[in-house]
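Student: Quick one: the structure is below, questions incoming.
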Amino acid sequence: MPKSFDKDWEKVLWKKQPFADNHIPRQFLSALRRNVNFTPYTYWPLVLLSCAITQHVATIFIFLATFVRLKEHMVDPRSLILISVGCFVAGYTIWSWGNHTTSKEDRYANHLKTIKSSILIFLALMSLSPVLRTLTAATSSDSIWALSAILFVLNALLADYGVRRSYQKLQEGLTSVLSMNAAISASVVLASRLTADIDVFALILFSVQAFALFPILRHRLQVSSTLVQFLMTFSLALIALALTASLSWTVMCIFFIAFFFITFLAPAFLVWAQRYKNEIRGPWDVATPKVN
Amino acid sequence: MLTVFWPIDVKRSGFCYGWNAPSVCIAGVLELSAEQEAKEALKKALHCSIQWRYITESCGSEPVILGKCVFGVESVRSKRPTPFLQLRNCGDYTLIYYCRHQSNTLRFHTLDIPKHNVPSRETVAGSAYLNSVLHDFTAPKRDQFVTSINDVVLNQFNSSKSLEQALSQPLKTEEPKLLKSFIPVGSLLLRIFARVSVALSTICNFSIVPPHLLLKDVSATIQQIDVRAEQMDFFAAEAGSLRRRTSTPIHVYSGRYTNFFNAVWLILNDIIMGVALGSFICENHVALARLLVETAEDFLVSWVQWTLQWLDSWPAGLKLNTELSHFYSHTFIGLVTVWGGFLQKGAPYLPTVIYVIGVLSSGGMTITISLLLDVLALLTAHICICYVLSRAVYQRMLKSAGSLWNLFRGKRYNVLRNRTDSWEYDIDQLLFGTIFFTLLAFLFPTVLVYYSLFALLRLCVLVIQASLETLLALMNHFPLFALMLRVKDPWRLPGGIHFVLEESPGSETPYIVIKNQPVPLSTIFFQYIELLSRLAKHYNPLRLLWCLLSGQHLAAIPPYSIRCNKIPEDSDS
C-alpha cells in the first residue's frame with residue numbers, strides 16, 4: 001500500500017486543480033503489479049515436458065542413421081519397408097487402443113478409412129519414387145547436406161510440442177504442417193543421393209512414417225502416465241544411439257551430449273533464469289475476461 | 001437600355017428588319033422609301049424563298065420590320081459607321097456589332113464547343129435516370145436563364161445574310177462551290193461503292209469459330225480492308241446528305257462536311273504515301289527478301305535453338321532438373337526446327353510475295369502496315385506456340401501452389417460462395433499435399449526458366465506489334481482537314497463567341513464586336529487522345545509485368561478498341 005498520496009489530485013485535466021498540469025502525484029505507479037500470475041517452474045515437471053523435444057530429436061537422429069545405412073548398403077531396403085509397415089501397424093493399434101471417444105461403428109469406419117488411405121499413400125509413393133529420385137540429382141553433395149540440415153532444423157523448430165488435453169480432435173496448425181513439409185522435403189533431398197528406386201521408396205516411406213504419423217501417436221501418448229513417457233523417451237534415445245554407434249563413435253557422442261543437454265541441462269537453465277522474470281501489469285493493460 | 005445587335009457590314013440607310021425576340025437583332029436594311037413597301041417586300045420574300053422556310057423555325061419567329069435607320073453623312077466616311085436608329089417601341093439603345101457570313105462559306109457562330117461524345121444529362125433517354133433528372137434542381141438548365149444571347153439569337157445571326165439574299169434574289173439556292181463538281185461524277189460511283197462495301201464487310205465479318213472468332217480478328221489486313229469498306233459505306237451515305245444543303249442546320253452540315261472531306265483527304269494522303277512506299281518495295285524486292293530470310297533465320301530460328309541448348313546445360317551455373325529440362329529443350333528445339341523447315345521451303349517464293357505487297361500498298365500506307373503486321377505474326381508463330389505451351393504449364397503450377405497454400409493453412413476455396421472457408425483436412429490429404437508440394441517446389445525453377453525465355457521473346461514481339469498498330473491507328477484517324485481549317489479559316493470551326501472592344505479613330509466611344517473563338521486543339525484531337533489513352537492503358541508496363549508474373553496471356557490490344565467509327569456523331573468539328 002502506498003504510504004503517502006495526494007488526496008485532492010484527480011486524473012482529469014478539465015477541472016481547475018490546485019496542482020500544475022504536469023504534476024506527478026505521490027501515488028504514481030501505485031497500481032503497478034509485478035509478476036502477478038507467476039508460478040515459477042520446477043525442475044522435474046519441466047524435464048518431463050522436455051521429453052517431447054527429446055523424442056522428436058531422437059526421431060530425426062534415427063532417420064539420419066537409417067539414411068546412412070541405406071546409402072552404404074548396410075541394410076536391405078525391403079527389410080526397411082517391412083519394418084516401416086510393422087511400425088505403422090503397431091503404432092495404429094496403440095493409437096486406436098487409446099481412442100475412447102468414438103462409438104463402435106465409427107471406429108470400424110475409421111479403421112476402413114485408415115486402411116484405404118494407407119494403401120493409397122503406399123501406392124502413390126511407390127509410383128512417385130523414380131521422379132523423387134531425380135528431383136535434385138544434379139545438385140552437388142555439399143549443397144544437399146547443407147540443405148537437409150537447414151530443413152531438419154526448421155522441422156525441429158516448428159514442430160508442435162504442445163500437450164493435447166482430453167483427447168482433442170486432430171487439428172493441424174500451419175506451423176506443424178510446415179514442419180512436416182520441411183522434414184519430407186529434407187528426406188526427398190537426401191533421397192536423391194541414393195542409387196536405386198527401391199531405396200528411395202523405402203526411405204520416403206520411413207520418413208512419412210516417422211515425421212507425419214509418429215507425432216500423432218506421440219501426442220496421444222503424452223497424456224498418459226509419466227512412466228510411459230519416460231520409458232518411450234529413453235527407448236527412442238537408446239535406439240538412436242545404438243544405430244549410430246556402429247557407424248561412428250564421434251557422432252554418437254555428439255548425439256548423447258545433445259540428448260543430455262535437451263533433457264537435463266536446458267530445464268535447469270530455464271529454472272535458473274526465472275529469477276530475472278519481471279512482468280509488469282497495471283490498470284493500463286487490456287482487461288482479460290474471466291470466463292468460468 | 002436596350003441592346004441592339006447590328007450587322008457590321010451594313011452601311012446604307014433604310015428600313016431595318018429583323019427579330020424582336022428574344023432580343024432585338026437587326027438582320028439587314030431595305031433601301032426603300034415607304035414602310036408599307038418594305039413590309040410587302042419582306043412578306044413576299046419570306047413566302048417565295050424555299051430555303052427560308054427551313055431556317056424560320058430555328059430563328060424563333062418570322063422577321064418583321066423593326067424601324068428606320070439613318071446614317072449620318074460624316075459617319076459614312078469613317079471606318080465603322082454608326083447608324084441612328086428609330087425603332088418602334090424603345091428610345092435608348094446600345095449597339096453591339098456582329099459579322100454576317102454567307103451560307104456557302106460555311107462560317108457560323110455557336111455558343112459552345114459542340115460536345116458530341118459526352119451524353120448530356122438531358123440526352124440520357126430511356127434510362128431510369130431520366131425520371132430523377134427531371135426533379136434534379138441542382139443541375140442548371142439552359143432554358144432557365146433568360147439571357148440576351150442564346151442559341152436562337154445566334155441562329156438569327158447565322159441566317160441574316162441568307163435573309164438578305166432571299167430578299168434580293170428570291171428563288172436562288174446556294175450550294176458550296178466545292179461540292180458542285182463532285183456531284184455529277186459521283187452518283188454512279190457511290191452506288192458501286194455501297195455494293196462493294198457491303199460485300200467486303202460480309203467477308204470480313206465471316207466467323208471462323210462461331211460465335212467469337214471473326215476473320216478480321218485473325219488478320220490485320222482483313223481488319224484494314226474492313227475499315228476501308230466502312231469508309232466506302234460512309235461515303236455512299238454521306239454524299240447524298242451533303243446535297244441537302246439548305247434543309248440541314250448549318251452546324252450539323254458543317255460537321256458532316258468537315259468529316260467527309262477529312263476522310264477524303266486522309267485516304268488520298270494514304271494512297272500517295274502507299275504508292276511511294278510500294279514503288280520502293282517493288283524495286284528492291286529481291287534484296288529485301290534476302291534480308292528478311294537471313295534475319296529470320298538468324299534471330300528467330302538459330303538464336304532460339306542456341307538459347308534452348310544453353311538453358312539445358314546448366315545456364316550460369318544454375319542447375320535445373322535434368323529430365324524436365326531435357327524434355328522441354330528437346331520439344332521446343334523440335335518445334336523451332338520444324339518452323340525453320342517451313343521458312344526454308346517458303347524462301348524461294350518470298351521475293352514474289354514482297355513484290356505483291358509492294359503492288360498492294362498502292363491501296364494506301366495503312367494496307368502496307370497491316371500487311372507487315374500479318375507477315376510479322378506469321379514469322380513469329382512458332383514463338384507464340386512455344387509461349388502458349390510454357391505459359392500453360394507455368395500457370396497450372398502457380399494455381400496448384402495457391403491451392404496447396406490453402407491446404408496448409410487449413411482453408412478451402414468454397415465455389416458456391418466464392419470465398420475461402422476454413423476446413424479440416426484428413427491426415428492423408430495433408431500427406432499427399434506435402435508430397436505434391438515437394439515435387440512442385442523442386443520442379444518450379446525449371447518451368448520458370450523456360451517460361452521466362454518465351455515470355456520475354458513474346459514481349460519483344462508484342463512491343464513491335466504495338467508500335468505498328470499505334471502507327472496504323474494514328475494514320476487512320478488523323479484530323480488533317482480540321483487542322484488545316486483551324487489554321488486557314490477559324491470562323492468555320494467555332495467554339496464559342498467573345499466580345500472585343502474596338503476603338504475607331506474617328507468616333508468618341510469604343511464599340512463592341514462579337515467575334516468567334518475557334519475550337520481548341522484538344523477537341524480536334526479528341527479521338528487521338530482517347531486512342532492514346534486506351535493504348536496506354538492496355539500496354540501499361542506495370543500491367544504487362546503483372547501478366548508476365550502471374551502467367552496470364554500477353555495479348556495485343558483488341559483491334560476494335562483502336563478504331564473509331566466514321567459516323568457523324570463522332571465528328572471532330
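Please note that chains go A, B, ... in the order of the C-alpha cells, that every chain numbers its residues from 1, and that ligands are numbered from 1 in the order shown.
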Excluding range 321-337 of chain B and any residue of its chain fewer than 4 positions from it, enumerate the residues within 6 Å of it, using only C-alpha atoms, and give them as a list in words.

Tutor: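 Result of the neighbour search: Gln305, Leu308 and Asp312 of chain B.
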
Student: For chain A against chain B, which residues fall within 10 Å using only C-alpha atoms, given as a ChimeraX atom specification?

Tutor: /A:113-114,116-118,120-121,124-125,128,131-132,134-140,170-178,180-186,188-189,204,208,212-213,216

Student: Just the residues within 12 Å of Arg34 in chain A, please, counting only C-alpha atoms, with nothing from its chain fewer than 6 positions along; format it as a count of residues only.

Tutor: 7

Student: Write down as a list of chain:residue names the residues belonging to range 333-518 of chain B that are assigned strand (DSSP E or B) by DSSP computed on the backbone.

Tutor: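 Reading the DSSP output for range 333-518 of chain B, strand (DSSP E or B) covers B:Lys411, B:Arg412, B:Tyr413, B:Asn414, B:Arg419, B:Thr420, B:Asp421, B:Ser422, B:Pro494, B:Gly495, B:Gly496, B:Ile497, B:His498, B:Phe499, B:Val500, B:Leu501, B:Glu502, B:Tyr511, B:Ile512, B:Val513, B:Ile514, B:Lys515, B:Asn516, B:Gln517, B:Pro518.
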
Student: Got a sec: who's within 12 Å of Glu530 in chain B, counting only C-alpha atoms, leaving out chain neighbours fewer than 3 positions off, as a short mmCIF file (atom, residue, chain, number, x, y, z; two decimals) with N, CA and C atoms, in the first residue's frame?

Tutor:
```cif
data_model
loop_
_atom_site.label_atom_id
_atom_site.label_comp_id
_atom_site.auth_asym_id
_atom_site.auth_seq_id
_atom_site.Cartn_x
_atom_site.Cartn_y
_atom_site.Cartn_z
N ASN B 117 -19.69 13.61 -78.04
CA ASN B 117 -19.50 12.30 -77.41
C ASN B 117 -20.06 12.24 -76.02
N ALA B 473 -3.28 3.05 -86.26
CA ALA B 473 -4.45 3.75 -85.72
C ALA B 473 -4.32 5.25 -85.93
N LEU B 474 -3.10 5.77 -85.73
CA LEU B 474 -2.92 7.19 -85.92
C LEU B 474 -3.13 7.59 -87.37
N HIS B 477 -6.82 7.92 -88.41
CA HIS B 477 -7.72 8.88 -87.79
C HIS B 477 -7.18 10.28 -87.69
N SER B 522 -7.60 20.49 -78.32
CA SER B 522 -7.91 19.22 -77.67
C SER B 522 -9.19 18.62 -78.21
N THR B 523 -10.11 19.48 -78.65
CA THR B 523 -11.34 18.94 -79.22
C THR B 523 -11.07 18.35 -80.60
N ILE B 524 -10.18 19.02 -81.36
CA ILE B 524 -9.87 18.48 -82.68
C ILE B 524 -9.22 17.12 -82.55
N PHE B 525 -8.35 17.00 -81.56
CA PHE B 525 -7.62 15.75 -81.42
C PHE B 525 -8.28 14.79 -80.45
N PHE B 526 -9.55 14.99 -80.15
CA PHE B 526 -10.11 14.19 -79.05
C PHE B 526 -10.07 12.70 -79.36
N GLN B 527 -10.23 12.35 -80.62
CA GLN B 527 -10.17 10.93 -80.95
C GLN B 527 -8.80 10.37 -80.64
N SER B 533 -5.01 7.10 -74.89
CA SER B 533 -5.24 6.67 -73.50
C SER B 533 -5.57 5.19 -73.45
N ARG B 534 -6.33 4.71 -74.46
CA ARG B 534 -6.64 3.26 -74.47
C ARG B 534 -5.38 2.43 -74.67
N LEU B 535 -4.54 2.90 -75.60
CA LEU B 535 -3.29 2.17 -75.85
C LEU B 535 -2.43 2.16 -74.60
N ALA B 536 -2.34 3.32 -73.93
CA ALA B 536 -1.50 3.38 -72.73
C ALA B 536 -2.04 2.48 -71.65
N LYS B 537 -3.36 2.40 -71.55
CA LYS B 537 -3.93 1.53 -70.52
C LYS B 537 -3.64 0.08 -70.82
N SER B 561 -10.76 -1.70 -80.22
CA SER B 561 -10.57 -0.56 -79.32
C SER B 561 -9.87 0.59 -80.00
N ILE B 562 -9.02 0.27 -81.01
CA ILE B 562 -8.31 1.39 -81.61
C ILE B 562 -8.89 1.74 -82.94
N ARG B 563 -10.19 1.64 -83.01
CA ARG B 563 -10.87 2.02 -84.23
C ARG B 563 -12.07 2.82 -83.84
N CYS B 564 -12.18 4.04 -84.36
CA CYS B 564 -13.40 4.79 -84.06
C CYS B 564 -14.26 4.79 -85.30
#
```

Student: Just checking: using only C-alpha atoms, which residue out of B:Ile354, B:Ile96, B:Ala229, B:Val301 ends up closest to Gly340 in chain B?

Tutor: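 Ranked by minimum distance to Gly340 in chain B, first place goes to B:Val301.
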
Student: Ala242 in chain A: which residues within 10 Å, counting only C-alpha atoms, same-chain residues fewer than 5 positions away excluded, as a tab-separated table (two decimals) with N, CA, C and O atoms, in the first residue's frame?

Tutor:
```
chain	number	residue	atom	x	y	z
A	62	ILE	N	17.38	-40.97	-35.58
A	62	ILE	CA	17.16	-42.33	-36.09
A	62	ILE	C	17.06	-42.32	-37.60
A	62	ILE	O	17.64	-43.14	-38.31
A	65	ALA	N	20.44	-41.89	-39.19
A	65	ALA	CA	21.22	-43.13	-39.13
A	65	ALA	C	20.73	-44.12	-40.18
A	65	ALA	O	21.54	-44.79	-40.86
A	236	LEU	N	13.65	-44.50	-27.24
A	236	LEU	CA	13.98	-43.85	-28.52
A	236	LEU	C	15.43	-43.38	-28.53
A	236	LEU	O	16.16	-43.57	-29.52
A	237	ALA	N	15.83	-42.75	-27.44
A	237	ALA	CA	17.20	-42.26	-27.39
A	237	ALA	C	18.19	-43.41	-27.51
A	237	ALA	O	19.23	-43.32	-28.19
A	247	LEU	N	28.13	-46.84	-36.59
A	247	LEU	CA	28.60	-46.05	-37.74
A	247	LEU	C	29.80	-45.19	-37.34
A	247	LEU	O	30.80	-45.17	-38.02
A	252	MET	N	28.01	-40.47	-32.23
A	252	MET	CA	27.22	-40.97	-31.12
A	252	MET	C	27.42	-40.11	-29.88
A	252	MET	O	26.47	-39.80	-29.15
```

Student: Take CA of His285 in chain B and CA of Asp298 in chain B and report the distance between them in Å, one decimal.

Tutor: 19.9 Å

Student: With only C-alpha atoms as the counted atoms, please give the residues lying no more than 12 Å from range 69-77 of chain A, apart from itself and same-chain residues fewer than 6 positions off, as a compact mmCIF listing (two decimals) with all heavy atoms, in the first residue's frame.

Tutor:
```txt
# COMPACT_ATOMS: atom_id res chain seq x y z
N ILE A 62 17.38 -40.97 -35.58
CA ILE A 62 17.16 -42.33 -36.09
C ILE A 62 17.06 -42.32 -37.60
O ILE A 62 17.64 -43.14 -38.31
CB ILE A 62 15.88 -42.93 -35.46
CG1 ILE A 62 16.08 -43.16 -33.97
CG2 ILE A 62 15.50 -44.23 -36.14
CD1 ILE A 62 14.83 -43.65 -33.28
N PHE A 63 16.33 -41.31 -38.09
CA PHE A 63 16.17 -41.21 -39.54
C PHE A 63 17.50 -41.02 -40.23
O PHE A 63 17.79 -41.63 -41.27
CB PHE A 63 15.23 -40.06 -39.86
CG PHE A 63 15.07 -39.83 -41.32
CD1 PHE A 63 14.25 -40.65 -42.07
CD2 PHE A 63 15.74 -38.82 -41.96
CE1 PHE A 63 14.12 -40.47 -43.42
CE2 PHE A 63 15.61 -38.62 -43.31
CZ PHE A 63 14.79 -39.44 -44.04
N ILE A 83 9.90 -53.18 -41.87
CA ILE A 83 9.94 -52.56 -40.53
C ILE A 83 8.96 -51.39 -40.47
O ILE A 83 8.21 -51.23 -39.49
CB ILE A 83 11.37 -52.09 -40.20
CG1 ILE A 83 12.29 -53.29 -40.05
CG2 ILE A 83 11.38 -51.26 -38.94
CD1 ILE A 83 13.74 -52.91 -39.88
N SER A 84 8.96 -50.57 -41.54
CA SER A 84 8.07 -49.40 -41.55
C SER A 84 6.62 -49.83 -41.45
O SER A 84 5.84 -49.28 -40.65
CB SER A 84 8.23 -48.59 -42.85
OG SER A 84 9.53 -48.16 -43.01
N LEU A 190 17.57 -35.78 -49.48
CA LEU A 190 18.56 -36.81 -49.16
C LEU A 190 18.41 -38.01 -50.07
O LEU A 190 19.40 -38.67 -50.42
CB LEU A 190 18.41 -37.24 -47.71
CG LEU A 190 18.97 -36.28 -46.66
CD1 LEU A 190 18.67 -36.81 -45.28
CD2 LEU A 190 20.46 -36.11 -46.84
N ALA A 191 17.15 -38.29 -50.46
CA ALA A 191 16.92 -39.48 -51.27
C ALA A 191 17.57 -39.38 -52.64
O ALA A 191 17.79 -40.41 -53.29
CB ALA A 191 15.42 -39.71 -51.43
N SER A 192 17.86 -38.17 -53.07
CA SER A 192 18.47 -38.05 -54.39
C SER A 192 19.91 -38.56 -54.39
O SER A 192 20.50 -38.75 -55.44
CB SER A 192 18.43 -36.61 -54.85
OG SER A 192 19.27 -35.84 -54.04
N ARG A 193 20.48 -38.83 -53.21
CA ARG A 193 21.83 -39.36 -53.17
C ARG A 193 21.84 -40.87 -53.33
O ARG A 193 22.90 -41.47 -53.51
CB ARG A 193 22.50 -39.02 -51.82
CG ARG A 193 22.72 -37.58 -51.58
CD ARG A 193 23.65 -37.00 -52.55
NE ARG A 193 22.91 -36.22 -53.56
CZ ARG A 193 23.48 -35.68 -54.61
NH1 ARG A 193 24.76 -35.82 -54.82
NH2 ARG A 193 22.76 -35.00 -55.45
N LEU A 194 20.65 -41.48 -53.22
CA LEU A 194 20.60 -42.93 -53.31
C LEU A 194 20.58 -43.36 -54.77
O LEU A 194 20.26 -42.58 -55.66
CB LEU A 194 19.36 -43.45 -52.60
CG LEU A 194 19.31 -43.09 -51.11
CD1 LEU A 194 17.96 -43.42 -50.55
CD2 LEU A 194 20.39 -43.85 -50.36
N THR A 195 20.87 -44.64 -54.98
CA THR A 195 21.08 -45.09 -56.35
C THR A 195 19.88 -45.82 -56.94
O THR A 195 19.58 -45.63 -58.11
CB THR A 195 22.30 -46.02 -56.43
OG1 THR A 195 22.23 -46.93 -55.33
CG2 THR A 195 23.58 -45.22 -56.35
N ALA A 196 19.21 -46.66 -56.15
CA ALA A 196 18.14 -47.47 -56.72
C ALA A 196 16.78 -46.93 -56.32
O ALA A 196 16.63 -46.26 -55.29
CB ALA A 196 18.28 -48.91 -56.27
N ASP A 197 15.77 -47.22 -57.13
CA ASP A 197 14.44 -46.70 -56.85
C ASP A 197 13.86 -47.25 -55.56
O ASP A 197 13.16 -46.54 -54.83
CB ASP A 197 13.49 -47.05 -58.00
CG ASP A 197 13.70 -46.14 -59.19
OD1 ASP A 197 14.33 -45.09 -58.99
OD2 ASP A 197 13.21 -46.47 -60.28
N ILE A 198 14.16 -48.51 -55.27
CA ILE A 198 13.55 -49.12 -54.10
C ILE A 198 14.13 -48.55 -52.81
O ILE A 198 13.44 -48.43 -51.81
CB ILE A 198 13.67 -50.65 -54.16
CG1 ILE A 198 12.78 -51.26 -53.09
CG2 ILE A 198 15.10 -51.12 -54.06
CD1 ILE A 198 12.31 -52.62 -53.40
N ASP A 199 15.41 -48.12 -52.90
CA ASP A 199 15.99 -47.42 -51.75
C ASP A 199 15.22 -46.15 -51.45
O ASP A 199 14.89 -45.85 -50.29
CB ASP A 199 17.45 -47.03 -52.05
CG ASP A 199 18.35 -48.24 -52.09
OD1 ASP A 199 17.97 -49.27 -51.52
OD2 ASP A 199 19.42 -48.14 -52.70
N VAL A 200 14.96 -45.42 -52.54
CA VAL A 200 14.24 -44.16 -52.39
C VAL A 200 12.88 -44.41 -51.78
O VAL A 200 12.44 -43.71 -50.85
CB VAL A 200 14.10 -43.47 -53.77
CG1 VAL A 200 13.18 -42.29 -53.68
CG2 VAL A 200 15.45 -43.07 -54.28
N PHE A 201 12.20 -45.44 -52.29
CA PHE A 201 10.86 -45.73 -51.79
C PHE A 201 10.91 -46.08 -50.29
O PHE A 201 10.11 -45.58 -49.50
CB PHE A 201 10.26 -46.88 -52.60
CG PHE A 201 8.95 -47.35 -52.07
CD1 PHE A 201 7.90 -46.46 -51.88
CD2 PHE A 201 8.74 -48.68 -51.74
CE1 PHE A 201 6.70 -46.88 -51.39
CE2 PHE A 201 7.53 -49.12 -51.26
CZ PHE A 201 6.51 -48.21 -51.09
N ALA A 202 11.90 -46.89 -49.92
CA ALA A 202 12.00 -47.27 -48.51
C ALA A 202 12.23 -46.05 -47.63
O ALA A 202 11.60 -45.88 -46.58
CB ALA A 202 13.13 -48.28 -48.34
N LEU A 203 13.15 -45.18 -48.08
CA LEU A 203 13.48 -44.00 -47.27
C LEU A 203 12.27 -43.07 -47.12
O LEU A 203 11.98 -42.59 -46.01
CB LEU A 203 14.65 -43.25 -47.91
CG LEU A 203 15.20 -42.13 -47.03
CD1 LEU A 203 15.94 -42.74 -45.86
CD2 LEU A 203 16.11 -41.24 -47.81
N ILE A 204 11.60 -42.83 -48.23
CA ILE A 204 10.49 -41.88 -48.16
C ILE A 204 9.37 -42.48 -47.30
O ILE A 204 8.73 -41.76 -46.51
CB ILE A 204 9.96 -41.53 -49.56
CG1 ILE A 204 11.07 -41.01 -50.44
CG2 ILE A 204 8.84 -40.55 -49.49
CD1 ILE A 204 11.34 -39.57 -50.30
N LEU A 205 9.15 -43.76 -47.45
CA LEU A 205 8.11 -44.40 -46.63
C LEU A 205 8.45 -44.27 -45.15
O LEU A 205 7.62 -43.92 -44.32
CB LEU A 205 7.98 -45.88 -47.02
CG LEU A 205 6.76 -46.58 -46.47
CD1 LEU A 205 5.52 -45.98 -47.06
CD2 LEU A 205 6.83 -48.06 -46.79
N PHE A 206 9.73 -44.51 -44.84
CA PHE A 206 10.14 -44.40 -43.46
C PHE A 206 10.00 -42.96 -42.95
O PHE A 206 9.61 -42.74 -41.81
CB PHE A 206 11.59 -44.88 -43.32
CG PHE A 206 12.06 -44.92 -41.91
CD1 PHE A 206 11.50 -45.80 -41.00
CD2 PHE A 206 13.05 -44.06 -41.47
CE1 PHE A 206 11.91 -45.84 -39.69
CE2 PHE A 206 13.48 -44.08 -40.16
CZ PHE A 206 12.90 -44.98 -39.27
N LEU A 243 21.97 -47.20 -33.08
CA LEU A 243 22.13 -47.20 -34.53
C LEU A 243 23.36 -46.41 -34.95
O LEU A 243 24.03 -46.73 -35.93
CB LEU A 243 20.89 -46.60 -35.18
CG LEU A 243 19.68 -47.53 -35.31
CD1 LEU A 243 18.52 -46.75 -35.89
CD2 LEU A 243 20.02 -48.72 -36.18
N THR A 244 23.64 -45.34 -34.22
CA THR A 244 24.76 -44.51 -34.61
C THR A 244 26.08 -45.09 -34.17
O THR A 244 27.13 -44.81 -34.75
CB THR A 244 24.62 -43.11 -34.01
OG1 THR A 244 23.24 -42.81 -33.88
CG2 THR A 244 25.27 -42.08 -34.88
N ALA A 245 26.04 -45.90 -33.11
CA ALA A 245 27.30 -46.39 -32.54
C ALA A 245 28.08 -47.21 -33.54
O ALA A 245 29.31 -47.07 -33.65
CB ALA A 245 26.99 -47.22 -31.29
N SER A 246 27.34 -48.05 -34.32
CA SER A 246 28.07 -48.87 -35.28
C SER A 246 28.58 -48.07 -36.47
O SER A 246 29.36 -48.58 -37.27
CB SER A 246 27.17 -50.01 -35.76
OG SER A 246 25.91 -49.49 -36.07
N LEU A 247 28.13 -46.84 -36.59
CA LEU A 247 28.60 -46.05 -37.74
C LEU A 247 29.80 -45.19 -37.34
O LEU A 247 30.80 -45.17 -38.02
CB LEU A 247 27.48 -45.13 -38.24
CG LEU A 247 26.30 -45.85 -38.91
CD1 LEU A 247 25.23 -44.85 -39.23
CD2 LEU A 247 26.76 -46.53 -40.18
N SER A 248 29.63 -44.47 -36.25
CA SER A 248 30.71 -43.55 -35.91
C SER A 248 30.62 -43.19 -34.43
O SER A 248 29.56 -42.78 -33.96
CB SER A 248 30.59 -42.28 -36.77
OG SER A 248 31.22 -41.21 -36.14
```
